[in-house]
Each structure stands twice: as structure tokens, then as C-alpha cells.
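The next block is structure_1.cif, given as mmCIF, N, CA, C and O atoms.
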data_data
#
loop_
_atom_site.label_atom_id
_atom_site.label_comp_id
_atom_site.auth_asym_id
_atom_site.auth_seq_id
_atom_site.Cartn_x
_atom_site.Cartn_y
_atom_site.Cartn_z
N MET D 21 -86.77 -180.85 -102.85
CA MET D 21 -86.79 -181.41 -104.16
C MET D 21 -88.09 -180.99 -104.85
O MET D 21 -89.18 -181.25 -104.34
N PRO D 22 -88.01 -180.36 -105.99
CA PRO D 22 -89.21 -179.96 -106.72
C PRO D 22 -90.02 -181.18 -107.14
O PRO D 22 -89.47 -182.17 -107.59
N THR D 23 -91.34 -181.09 -106.98
CA THR D 23 -92.21 -182.22 -107.30
C THR D 23 -93.44 -181.78 -108.06
O THR D 23 -93.88 -180.63 -107.95
N VAL D 24 -93.99 -182.71 -108.82
CA VAL D 24 -95.28 -182.56 -109.48
C VAL D 24 -96.07 -183.83 -109.18
O VAL D 24 -95.55 -184.93 -109.35
N ILE D 25 -97.28 -183.68 -108.73
CA ILE D 25 -98.17 -184.80 -108.52
C ILE D 25 -99.08 -184.89 -109.74
O ILE D 25 -99.66 -183.89 -110.15
N VAL D 26 -99.20 -186.07 -110.32
CA VAL D 26 -100.14 -186.32 -111.40
C VAL D 26 -101.23 -187.20 -110.81
O VAL D 26 -100.94 -188.26 -110.27
N GLY D 27 -102.47 -186.73 -110.87
CA GLY D 27 -103.53 -187.51 -110.24
C GLY D 27 -104.91 -187.17 -110.75
O GLY D 27 -105.08 -186.25 -111.55
N SER D 28 -105.87 -187.93 -110.25
CA SER D 28 -107.25 -187.82 -110.72
C SER D 28 -108.23 -187.40 -109.64
O SER D 28 -109.41 -187.27 -109.92
N ALA D 29 -107.79 -187.22 -108.43
CA ALA D 29 -108.68 -186.84 -107.33
C ALA D 29 -108.49 -185.35 -107.02
O ALA D 29 -107.86 -184.98 -106.05
N LEU D 30 -109.05 -184.52 -107.86
CA LEU D 30 -108.82 -183.08 -107.80
C LEU D 30 -109.07 -182.50 -106.42
O LEU D 30 -108.21 -181.85 -105.84
N ASP D 31 -110.25 -182.72 -105.86
CA ASP D 31 -110.60 -182.11 -104.57
C ASP D 31 -109.69 -182.58 -103.44
O ASP D 31 -109.26 -181.80 -102.60
N ILE D 32 -109.35 -183.86 -103.44
CA ILE D 32 -108.51 -184.41 -102.37
C ILE D 32 -107.10 -183.86 -102.45
O ILE D 32 -106.53 -183.40 -101.45
N VAL D 33 -106.52 -183.88 -103.63
CA VAL D 33 -105.13 -183.44 -103.77
C VAL D 33 -105.01 -181.94 -103.53
O VAL D 33 -104.08 -181.49 -102.86
N GLU D 34 -105.96 -181.17 -104.02
CA GLU D 34 -105.90 -179.72 -103.75
C GLU D 34 -106.07 -179.44 -102.26
O GLU D 34 -105.43 -178.54 -101.73
N TYR D 35 -106.90 -180.19 -101.58
CA TYR D 35 -107.08 -180.01 -100.14
C TYR D 35 -105.77 -180.28 -99.39
O TYR D 35 -105.45 -179.59 -98.43
N CYS D 36 -105.03 -181.27 -99.85
CA CYS D 36 -103.74 -181.61 -99.21
C CYS D 36 -102.70 -180.51 -99.42
O CYS D 36 -101.79 -180.37 -98.62
N GLY D 37 -102.83 -179.77 -100.50
CA GLY D 37 -101.92 -178.65 -100.72
C GLY D 37 -100.55 -179.05 -101.26
O GLY D 37 -99.54 -178.63 -100.73
N VAL D 38 -100.51 -179.85 -102.31
CA VAL D 38 -99.23 -180.23 -102.90
C VAL D 38 -98.63 -179.06 -103.66
O VAL D 38 -99.35 -178.15 -104.06
N PRO D 39 -97.31 -179.07 -103.87
CA PRO D 39 -96.66 -177.94 -104.54
C PRO D 39 -97.16 -177.69 -105.96
O PRO D 39 -97.48 -176.57 -106.32
N ARG D 40 -97.21 -178.74 -106.77
CA ARG D 40 -97.68 -178.63 -108.14
C ARG D 40 -98.50 -179.88 -108.45
O ARG D 40 -98.09 -180.99 -108.11
N PHE D 41 -99.63 -179.68 -109.12
CA PHE D 41 -100.55 -180.79 -109.37
C PHE D 41 -101.05 -180.73 -110.80
O PHE D 41 -101.61 -179.73 -111.22
N LEU D 42 -100.83 -181.82 -111.53
CA LEU D 42 -101.40 -181.96 -112.87
C LEU D 42 -102.61 -182.88 -112.74
O LEU D 42 -102.47 -184.07 -112.44
N PHE D 43 -103.80 -182.33 -112.95
CA PHE D 43 -105.04 -183.08 -112.83
C PHE D 43 -105.38 -183.72 -114.16
O PHE D 43 -105.44 -183.07 -115.20
N THR D 44 -105.60 -185.04 -114.13
CA THR D 44 -106.08 -185.76 -115.30
C THR D 44 -107.44 -186.33 -114.95
O THR D 44 -107.61 -186.95 -113.91
N ASP D 45 -108.42 -186.09 -115.79
CA ASP D 45 -109.79 -186.55 -115.53
C ASP D 45 -109.94 -187.99 -116.02
O ASP D 45 -110.63 -188.27 -116.99
N PHE D 46 -109.23 -188.88 -115.32
CA PHE D 46 -109.19 -190.29 -115.67
C PHE D 46 -109.66 -191.11 -114.46
O PHE D 46 -109.68 -190.60 -113.34
N PRO D 47 -109.95 -192.39 -114.67
CA PRO D 47 -110.33 -193.22 -113.52
C PRO D 47 -109.20 -193.29 -112.50
O PRO D 47 -108.01 -193.28 -112.87
N LEU D 48 -109.56 -193.35 -111.23
CA LEU D 48 -108.55 -193.47 -110.18
C LEU D 48 -107.65 -194.67 -110.45
O LEU D 48 -108.12 -195.71 -110.90
N GLY D 49 -106.38 -194.50 -110.19
CA GLY D 49 -105.42 -195.56 -110.43
C GLY D 49 -104.81 -195.51 -111.82
O GLY D 49 -103.92 -196.30 -112.14
N ASN D 50 -105.27 -194.59 -112.65
CA ASN D 50 -104.77 -194.46 -114.01
C ASN D 50 -104.44 -193.01 -114.34
O ASN D 50 -104.86 -192.50 -115.37
N PRO D 51 -103.70 -192.30 -113.51
CA PRO D 51 -103.50 -190.87 -113.73
C PRO D 51 -102.73 -190.53 -114.99
O PRO D 51 -102.83 -189.42 -115.49
N CYS D 52 -101.98 -191.49 -115.52
CA CYS D 52 -101.22 -191.22 -116.74
C CYS D 52 -101.83 -191.88 -117.96
O CYS D 52 -101.21 -191.96 -119.01
N GLY D 53 -103.05 -192.37 -117.83
CA GLY D 53 -103.73 -192.96 -118.98
C GLY D 53 -103.84 -194.46 -118.88
O GLY D 53 -103.36 -195.08 -117.94
N PRO D 54 -104.47 -195.05 -119.89
CA PRO D 54 -104.67 -196.49 -119.89
C PRO D 54 -103.36 -197.24 -120.03
O PRO D 54 -102.40 -196.72 -120.61
N PRO D 55 -103.31 -198.46 -119.51
CA PRO D 55 -102.12 -199.29 -119.71
C PRO D 55 -101.83 -199.46 -121.21
O PRO D 55 -102.75 -199.50 -122.01
N TRP D 56 -100.59 -199.51 -121.52
CA TRP D 56 -100.09 -199.75 -122.88
C TRP D 56 -100.38 -198.62 -123.85
O TRP D 56 -100.19 -198.77 -125.05
N ARG D 57 -100.82 -197.47 -123.36
CA ARG D 57 -101.01 -196.30 -124.24
C ARG D 57 -99.86 -195.33 -124.00
O ARG D 57 -100.01 -194.28 -123.39
N GLN D 58 -98.70 -195.72 -124.47
CA GLN D 58 -97.50 -194.92 -124.25
C GLN D 58 -97.60 -193.54 -124.86
O GLN D 58 -97.02 -192.59 -124.33
N ASP D 59 -98.35 -193.38 -125.94
CA ASP D 59 -98.51 -192.07 -126.55
C ASP D 59 -99.17 -191.10 -125.57
O ASP D 59 -98.68 -189.97 -125.36
N LEU D 60 -100.26 -191.53 -124.92
CA LEU D 60 -100.94 -190.67 -123.94
C LEU D 60 -100.08 -190.47 -122.70
O LEU D 60 -100.01 -189.36 -122.14
N GLN D 61 -99.42 -191.53 -122.25
CA GLN D 61 -98.58 -191.44 -121.06
C GLN D 61 -97.43 -190.46 -121.27
O GLN D 61 -97.09 -189.68 -120.38
N ARG D 62 -96.85 -190.46 -122.46
CA ARG D 62 -95.78 -189.51 -122.76
C ARG D 62 -96.29 -188.07 -122.78
O ARG D 62 -95.62 -187.16 -122.29
N MET D 63 -97.49 -187.87 -123.35
CA MET D 63 -98.05 -186.51 -123.37
C MET D 63 -98.27 -186.00 -121.95
O MET D 63 -97.97 -184.84 -121.64
N ILE D 64 -98.79 -186.86 -121.09
CA ILE D 64 -99.05 -186.45 -119.71
C ILE D 64 -97.74 -186.19 -118.97
O ILE D 64 -97.61 -185.21 -118.24
N ALA D 65 -96.75 -187.05 -119.17
CA ALA D 65 -95.44 -186.83 -118.55
C ALA D 65 -94.84 -185.51 -119.03
O ALA D 65 -94.26 -184.76 -118.24
N ARG D 66 -95.00 -185.21 -120.31
CA ARG D 66 -94.50 -183.94 -120.85
C ARG D 66 -95.21 -182.76 -120.19
O ARG D 66 -94.58 -181.76 -119.83
N GLN D 67 -96.53 -182.88 -120.01
CA GLN D 67 -97.28 -181.80 -119.35
C GLN D 67 -96.83 -181.62 -117.91
O GLN D 67 -96.75 -180.50 -117.41
N ALA D 68 -96.53 -182.73 -117.23
CA ALA D 68 -96.06 -182.64 -115.84
C ALA D 68 -94.71 -181.93 -115.78
O ALA D 68 -94.49 -181.08 -114.91
N LEU D 69 -93.82 -182.24 -116.70
CA LEU D 69 -92.52 -181.57 -116.73
C LEU D 69 -92.67 -180.09 -117.08
O LEU D 69 -91.96 -179.24 -116.53
N ASP D 70 -93.60 -179.77 -118.00
CA ASP D 70 -93.87 -178.36 -118.31
C ASP D 70 -94.38 -177.63 -117.08
O ASP D 70 -93.99 -176.48 -116.83
N LEU D 71 -95.25 -178.26 -116.32
CA LEU D 71 -95.76 -177.65 -115.08
C LEU D 71 -94.62 -177.42 -114.10
O LEU D 71 -94.55 -176.36 -113.46
N LEU D 72 -93.73 -178.38 -113.98
CA LEU D 72 -92.58 -178.23 -113.09
C LEU D 72 -91.76 -177.00 -113.49
O LEU D 72 -91.34 -176.22 -112.64
N ARG D 73 -91.58 -176.82 -114.77
CA ARG D 73 -90.79 -175.69 -115.28
C ARG D 73 -91.54 -174.37 -115.13
O ARG D 73 -90.95 -173.35 -114.78
N ASP D 74 -92.85 -174.37 -115.38
CA ASP D 74 -93.60 -173.12 -115.53
C ASP D 74 -94.32 -172.62 -114.29
O ASP D 74 -94.71 -171.45 -114.25
N ALA D 75 -94.55 -173.47 -113.30
CA ALA D 75 -95.34 -173.06 -112.14
C ALA D 75 -94.70 -171.86 -111.46
O ALA D 75 -93.54 -171.89 -111.09
N GLY D 76 -95.50 -170.81 -111.31
CA GLY D 76 -94.97 -169.60 -110.73
C GLY D 76 -95.22 -169.45 -109.24
O GLY D 76 -94.68 -168.54 -108.61
N ALA D 77 -96.03 -170.34 -108.68
CA ALA D 77 -96.37 -170.22 -107.26
C ALA D 77 -96.65 -171.60 -106.69
O ALA D 77 -96.93 -172.55 -107.41
N ALA D 78 -96.58 -171.66 -105.36
CA ALA D 78 -96.91 -172.90 -104.68
C ALA D 78 -98.38 -173.23 -104.88
O ALA D 78 -99.20 -172.35 -105.15
N ARG D 79 -98.70 -174.50 -104.75
CA ARG D 79 -100.08 -175.00 -104.87
C ARG D 79 -100.68 -174.68 -106.24
O ARG D 79 -101.85 -174.31 -106.35
N THR D 80 -99.89 -174.84 -107.27
CA THR D 80 -100.35 -174.62 -108.63
C THR D 80 -101.02 -175.89 -109.15
O THR D 80 -100.45 -176.97 -109.07
N THR D 81 -102.22 -175.75 -109.69
CA THR D 81 -102.92 -176.86 -110.32
C THR D 81 -103.12 -176.54 -111.79
O THR D 81 -103.54 -175.44 -112.14
N ARG D 82 -102.83 -177.52 -112.61
CA ARG D 82 -103.09 -177.39 -114.05
C ARG D 82 -103.91 -178.60 -114.47
O ARG D 82 -103.65 -179.71 -114.06
N ARG D 83 -104.90 -178.35 -115.30
CA ARG D 83 -105.73 -179.44 -115.82
C ARG D 83 -105.16 -179.90 -117.15
O ARG D 83 -104.94 -179.10 -118.04
N SER D 84 -104.95 -181.20 -117.26
CA SER D 84 -104.46 -181.77 -118.51
C SER D 84 -105.54 -181.69 -119.57
O SER D 84 -106.73 -181.86 -119.28
N ASP D 85 -105.15 -181.45 -120.80
CA ASP D 85 -106.11 -181.43 -121.89
C ASP D 85 -106.20 -182.79 -122.59
O ASP D 85 -106.91 -182.94 -123.58
N VAL D 86 -105.51 -183.78 -122.06
CA VAL D 86 -105.55 -185.12 -122.63
C VAL D 86 -106.84 -185.80 -122.17
O VAL D 86 -107.18 -185.77 -121.00
N SER D 87 -107.55 -186.40 -123.11
CA SER D 87 -108.81 -187.08 -122.80
C SER D 87 -108.61 -188.59 -122.78
O SER D 87 -107.81 -189.13 -123.54
N TRP D 88 -109.39 -189.24 -121.93
CA TRP D 88 -109.41 -190.70 -121.91
C TRP D 88 -109.90 -191.16 -123.28
O TRP D 88 -110.82 -190.54 -123.85
N PRO D 89 -109.32 -192.21 -123.84
CA PRO D 89 -109.74 -192.65 -125.18
C PRO D 89 -111.25 -192.87 -125.26
O PRO D 89 -111.85 -193.50 -124.40
N SER D 90 -111.86 -192.32 -126.30
CA SER D 90 -113.33 -192.35 -126.41
C SER D 90 -113.88 -193.75 -126.67
O SER D 90 -115.07 -193.97 -126.51
N ASP D 91 -113.02 -194.69 -127.06
CA ASP D 91 -113.51 -196.04 -127.31
C ASP D 91 -113.73 -196.81 -126.00
O ASP D 91 -114.19 -197.94 -126.01
N ASP D 92 -113.41 -196.19 -124.87
CA ASP D 92 -113.60 -196.84 -123.57
C ASP D 92 -114.32 -195.89 -122.64
O ASP D 92 -113.71 -195.04 -122.01
N GLU D 93 -115.63 -195.99 -122.57
CA GLU D 93 -116.42 -195.12 -121.70
C GLU D 93 -116.37 -195.64 -120.27
O GLU D 93 -117.12 -196.53 -119.90
N TRP D 94 -115.47 -195.09 -119.47
CA TRP D 94 -115.27 -195.58 -118.11
C TRP D 94 -116.27 -195.00 -117.11
O TRP D 94 -116.59 -195.63 -116.12
N ARG D 95 -116.75 -193.81 -117.33
CA ARG D 95 -117.61 -193.15 -116.34
C ARG D 95 -118.88 -193.93 -115.98
O ARG D 95 -119.22 -194.04 -114.81
N PRO D 96 -119.61 -194.47 -116.96
CA PRO D 96 -120.85 -195.17 -116.59
C PRO D 96 -120.63 -196.37 -115.66
O PRO D 96 -121.49 -196.69 -114.86
N ARG D 97 -119.49 -197.02 -115.76
CA ARG D 97 -119.27 -198.21 -114.93
C ARG D 97 -118.38 -197.95 -113.73
O ARG D 97 -118.21 -198.81 -112.89
N TYR D 98 -117.83 -196.74 -113.61
CA TYR D 98 -116.91 -196.45 -112.51
C TYR D 98 -117.65 -196.46 -111.18
O TYR D 98 -118.64 -195.76 -110.99
N GLY D 99 -117.16 -197.24 -110.26
CA GLY D 99 -117.74 -197.30 -108.92
C GLY D 99 -119.06 -198.04 -108.83
O GLY D 99 -119.66 -198.10 -107.77
N ARG D 100 -119.52 -198.59 -109.93
CA ARG D 100 -120.80 -199.30 -109.91
C ARG D 100 -120.61 -200.66 -109.25
O ARG D 100 -119.63 -201.36 -109.50
N VAL D 101 -121.53 -201.02 -108.40
CA VAL D 101 -121.52 -202.32 -107.73
C VAL D 101 -122.74 -203.08 -108.21
O VAL D 101 -123.87 -202.61 -108.08
N LYS D 102 -122.50 -204.26 -108.74
CA LYS D 102 -123.61 -205.10 -109.18
C LYS D 102 -124.35 -205.63 -107.95
O LYS D 102 -123.73 -205.95 -106.94
N PRO D 103 -125.67 -205.73 -108.04
CA PRO D 103 -126.46 -206.20 -106.89
C PRO D 103 -125.97 -207.54 -106.33
O PRO D 103 -125.96 -207.75 -105.12
N GLU D 104 -125.53 -208.43 -107.21
CA GLU D 104 -125.08 -209.74 -106.74
C GLU D 104 -123.75 -209.67 -105.99
O GLU D 104 -123.36 -210.65 -105.34
N ASP D 105 -123.05 -208.54 -106.05
CA ASP D 105 -121.76 -208.40 -105.37
C ASP D 105 -121.85 -207.66 -104.03
O ASP D 105 -120.88 -207.58 -103.29
N VAL D 106 -123.01 -207.09 -103.72
CA VAL D 106 -123.15 -206.23 -102.54
C VAL D 106 -122.77 -206.96 -101.26
O VAL D 106 -121.94 -206.47 -100.48
N GLU D 107 -123.33 -208.12 -101.02
CA GLU D 107 -123.06 -208.84 -99.76
C GLU D 107 -121.60 -209.27 -99.66
O GLU D 107 -120.99 -209.16 -98.59
N ARG D 108 -121.03 -209.75 -100.74
CA ARG D 108 -119.62 -210.17 -100.73
C ARG D 108 -118.71 -208.98 -100.41
O ARG D 108 -117.81 -209.08 -99.57
N LEU D 109 -118.97 -207.86 -101.05
CA LEU D 109 -118.14 -206.68 -100.82
C LEU D 109 -118.33 -206.13 -99.41
O LEU D 109 -117.38 -205.67 -98.77
N ARG D 110 -119.55 -206.20 -98.90
CA ARG D 110 -119.82 -205.76 -97.53
C ARG D 110 -119.03 -206.61 -96.53
O ARG D 110 -118.41 -206.11 -95.61
N ALA D 111 -119.04 -207.93 -96.75
CA ALA D 111 -118.30 -208.84 -95.86
C ALA D 111 -116.80 -208.57 -95.94
O ALA D 111 -116.11 -208.57 -94.91
N LEU D 112 -116.28 -208.31 -97.12
CA LEU D 112 -114.86 -207.99 -97.26
C LEU D 112 -114.51 -206.71 -96.51
O LEU D 112 -113.47 -206.63 -95.84
N GLY D 113 -115.38 -205.71 -96.60
CA GLY D 113 -115.15 -204.45 -95.90
C GLY D 113 -115.17 -204.63 -94.40
O GLY D 113 -114.34 -204.08 -93.67
N GLU D 114 -116.12 -205.41 -93.91
CA GLU D 114 -116.20 -205.66 -92.47
C GLU D 114 -114.97 -206.40 -91.97
O GLU D 114 -114.43 -206.08 -90.92
N GLU D 115 -114.51 -207.38 -92.73
CA GLU D 115 -113.30 -208.12 -92.34
C GLU D 115 -112.08 -207.20 -92.33
O GLU D 115 -111.26 -207.25 -91.43
N ARG D 116 -111.98 -206.33 -93.32
CA ARG D 116 -110.86 -205.39 -93.37
C ARG D 116 -110.88 -204.46 -92.16
O ARG D 116 -109.85 -204.20 -91.55
N ARG D 117 -112.05 -203.98 -91.78
CA ARG D 117 -112.15 -203.11 -90.61
C ARG D 117 -111.77 -203.85 -89.33
O ARG D 117 -111.09 -203.31 -88.46
N ARG D 118 -112.18 -205.12 -89.21
CA ARG D 118 -111.79 -205.93 -88.05
C ARG D 118 -110.26 -206.08 -87.97
O ARG D 118 -109.67 -205.95 -86.91
N GLN D 119 -109.66 -206.33 -89.11
CA GLN D 119 -108.20 -206.47 -89.14
C GLN D 119 -107.49 -205.17 -88.78
O GLN D 119 -106.48 -205.18 -88.08
N GLN D 120 -108.05 -204.05 -89.22
CA GLN D 120 -107.46 -202.76 -88.88
C GLN D 120 -107.54 -202.49 -87.39
O GLN D 120 -106.60 -201.98 -86.79
N VAL D 121 -108.67 -202.81 -86.78
CA VAL D 121 -108.82 -202.63 -85.33
C VAL D 121 -107.82 -203.51 -84.60
O VAL D 121 -107.17 -203.08 -83.65
N GLN D 122 -107.68 -204.75 -85.02
CA GLN D 122 -106.74 -205.68 -84.41
C GLN D 122 -105.31 -205.14 -84.52
O GLN D 122 -104.55 -205.22 -83.55
N ALA D 123 -104.97 -204.61 -85.66
CA ALA D 123 -103.61 -204.12 -85.89
C ALA D 123 -103.28 -202.91 -85.00
O ALA D 123 -102.13 -202.68 -84.66
N ARG D 124 -104.29 -202.14 -84.60
CA ARG D 124 -104.07 -200.96 -83.76
C ARG D 124 -103.93 -201.29 -82.29
O ARG D 124 -103.46 -200.46 -81.52
N LYS D 125 -104.36 -202.48 -81.91
CA LYS D 125 -104.29 -202.84 -80.49
C LYS D 125 -102.85 -203.05 -80.07
O LYS D 125 -102.07 -203.67 -80.79
N PRO D 126 -102.49 -202.52 -78.90
CA PRO D 126 -101.12 -202.69 -78.43
C PRO D 126 -100.81 -204.17 -78.14
O PRO D 126 -101.67 -204.92 -77.72
N GLY D 127 -99.53 -204.51 -78.36
CA GLY D 127 -99.07 -205.86 -78.01
C GLY D 127 -99.36 -206.80 -79.05
O GLY D 127 -99.18 -207.76 -79.47
#

Structure re-expressed in C-alpha cells:
Amino acid sequence: MPTVIVGSALDIVEYCGVPRFLFTDFPLGNPCGPPWRQDLQRMIARQALDLLRDAGAARTTRRSDVSWPSDDEWRPRYGRVKPEDVERLRALGEERRRQQVQARKPG
């Protein structure tokens, strides 16, 4: 079945070697644009379908020319952890790792 992946993690997806990849330079979890922005989402979906039609070889990557809306500067705050949240997030991560180890144990 022909496929196109739309995503924001360029290096990871290219490393995996998907058949066709439309890269959008958006925050992770929002590869088709912000919620409720159907205009942008339609443009990206159209670009993905064009890539499906036009890709001439396996592992084709195309960069979308759609930009994240300029009224929302996501980059400065992306991945930022406030100092007051460090310990809480560390504890959550440690608990998650404990649960993962437990889940892997036989029986």
C-alpha cells in the first residue's frame, strides 16, 4: 500500500527509511499544523498527496513550504523546563522507568 508519512522529526524519520516523507518544521505532535487551522491542515494534506503522486524513488523526502503561524512563536518555549518543574518531572520519569522494568519481567 503506498504511503506518505507527514512528520516533524526529520532526522529520525529519514533514518528509519520510510517510503515517502513530507517534513513539516512544526512542533512535535502537530505535523499538520495547529489545531483548528483547517486551512493549513488542508494545504499540508494536499502536499502529502502530491508527494504520493510525484515521488520517483523510494525514501523520498520533501520539505513543506507551509510555515507555522507567526503569531505563535513555538521555538523559544519548545522543550523548555521551568526550574520549579525539574524535580516533579524527574520523579515522573523515574516512576515510568520502574514501571517499564516491571512490565518486562516474566510472569

Task: Backbone-only DSSP, strand (DSSP E or B) members of chain D, as a PyMOL selection string - done: chain D and resi 25-27+40-43+80-83

Task: Selected residue, from D:Leu30, D:Arg116, D:Pro47, D:Thr81, that lies nearest to Glu93 in chain D when counting only C-alpha atoms - done: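 Of D:Leu30, D:Arg116, D:Pro47, D:Thr81, the one nearest Glu93 in chain D is D:Pro47, counting only C-alpha atoms.
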
Open item on the list: I'd like to know which residues of chain D are alpha helix (DSSP H) (by DSSP, run on the backbone); could you write them as a ChimeraX atom specification?
Closed with: /D:30-36,58-74,106-124

Open item on the list: Between D:Val106, D:Pro126, D:Ser28, D:Pro22, which residue has the minimum interatomic distance to Phe46 in chain D, considering only N, CA, C and O atoms?
Closed with: D:Ser28

Task: Explicit residue set for the PyMOL selection byres (((chain D and resi 50 and name CA) around 12) and name CA), as an MDAnalysis selection string - done: chainID D and resid 26:29 43:49 51:57 60:61 64 88 94

Limited to N, CA, C and O atoms, could you put the picked residues into a file as a short mmCIF file (atom, residue, chain, number, x, y, z; two decimals), in the coordinates of the input?
data_model
loop_
_atom_site.label_atom_id
_atom_site.label_comp_id
_atom_site.auth_asym_id
_atom_site.auth_seq_id
_atom_site.Cartn_x
_atom_site.Cartn_y
_atom_site.Cartn_z
N VAL D 26 -99.20 -186.07 -110.32
CA VAL D 26 -100.14 -186.32 -111.40
C VAL D 26 -101.23 -187.20 -110.81
O VAL D 26 -100.94 -188.26 -110.27
N GLY D 27 -102.47 -186.73 -110.87
CA GLY D 27 -103.53 -187.51 -110.24
C GLY D 27 -104.91 -187.17 -110.75
O GLY D 27 -105.08 -186.25 -111.55
N SER D 28 -105.87 -187.93 -110.25
CA SER D 28 -107.25 -187.82 -110.72
C SER D 28 -108.23 -187.40 -109.64
O SER D 28 -109.41 -187.27 -109.92
N ALA D 29 -107.79 -187.22 -108.43
CA ALA D 29 -108.68 -186.84 -107.33
C ALA D 29 -108.49 -185.35 -107.02
O ALA D 29 -107.86 -184.98 -106.05
N PHE D 43 -103.80 -182.33 -112.95
CA PHE D 43 -105.04 -183.08 -112.83
C PHE D 43 -105.38 -183.72 -114.16
O PHE D 43 -105.44 -183.07 -115.20
N THR D 44 -105.60 -185.04 -114.13
CA THR D 44 -106.08 -185.76 -115.30
C THR D 44 -107.44 -186.33 -114.95
O THR D 44 -107.61 -186.95 -113.91
N ASP D 45 -108.42 -186.09 -115.79
CA ASP D 45 -109.79 -186.55 -115.53
C ASP D 45 -109.94 -187.99 -116.02
O ASP D 45 -110.63 -188.27 -116.99
N PHE D 46 -109.23 -188.88 -115.32
CA PHE D 46 -109.19 -190.29 -115.67
C PHE D 46 -109.66 -191.11 -114.46
O PHE D 46 -109.68 -190.60 -113.34
N PRO D 47 -109.95 -192.39 -114.67
CA PRO D 47 -110.33 -193.22 -113.52
C PRO D 47 -109.20 -193.29 -112.50
O PRO D 47 -108.01 -193.28 -112.87
N LEU D 48 -109.56 -193.35 -111.23
CA LEU D 48 -108.55 -193.47 -110.18
C LEU D 48 -107.65 -194.67 -110.45
O LEU D 48 -108.12 -195.71 -110.90
N GLY D 49 -106.38 -194.50 -110.19
CA GLY D 49 -105.42 -195.56 -110.43
C GLY D 49 -104.81 -195.51 -111.82
O GLY D 49 -103.92 -196.30 -112.14
N PRO D 51 -103.70 -192.30 -113.51
CA PRO D 51 -103.50 -190.87 -113.73
C PRO D 51 -102.73 -190.53 -114.99
O PRO D 51 -102.83 -189.42 -115.49
N CYS D 52 -101.98 -191.49 -115.52
CA CYS D 52 -101.22 -191.22 -116.74
C CYS D 52 -101.83 -191.88 -117.96
O CYS D 52 -101.21 -191.96 -119.01
N GLY D 53 -103.05 -192.37 -117.83
CA GLY D 53 -103.73 -192.96 -118.98
C GLY D 53 -103.84 -194.46 -118.88
O GLY D 53 -103.36 -195.08 -117.94
N PRO D 54 -104.47 -195.05 -119.89
CA PRO D 54 -104.67 -196.49 -119.89
C PRO D 54 -103.36 -197.24 -120.03
O PRO D 54 -102.40 -196.72 -120.61
N PRO D 55 -103.31 -198.46 -119.51
CA PRO D 55 -102.12 -199.29 -119.71
C PRO D 55 -101.83 -199.46 -121.21
O PRO D 55 -102.75 -199.50 -122.01
N TRP D 56 -100.59 -199.51 -121.52
CA TRP D 56 -100.09 -199.75 -122.88
C TRP D 56 -100.38 -198.62 -123.85
O TRP D 56 -100.19 -198.77 -125.05
N ARG D 57 -100.82 -197.47 -123.36
CA ARG D 57 -101.01 -196.30 -124.24
C ARG D 57 -99.86 -195.33 -124.00
O ARG D 57 -100.01 -194.28 -123.39
N LEU D 60 -100.26 -191.53 -124.92
CA LEU D 60 -100.94 -190.67 -123.94
C LEU D 60 -100.08 -190.47 -122.70
O LEU D 60 -100.01 -189.36 -122.14
N GLN D 61 -99.42 -191.53 -122.25
CA GLN D 61 -98.58 -191.44 -121.06
C GLN D 61 -97.43 -190.46 -121.27
O GLN D 61 -97.09 -189.68 -120.38
N ILE D 64 -98.79 -186.86 -121.09
CA ILE D 64 -99.05 -186.45 -119.71
C ILE D 64 -97.74 -186.19 -118.97
O ILE D 64 -97.61 -185.21 -118.24
N TRP D 88 -109.39 -189.24 -121.93
CA TRP D 88 -109.41 -190.70 -121.91
C TRP D 88 -109.90 -191.16 -123.28
O TRP D 88 -110.82 -190.54 -123.85
N TRP D 94 -115.47 -195.09 -119.47
CA TRP D 94 -115.27 -195.58 -118.11
C TRP D 94 -116.27 -195.00 -117.11
O TRP D 94 -116.59 -195.63 -116.12
#
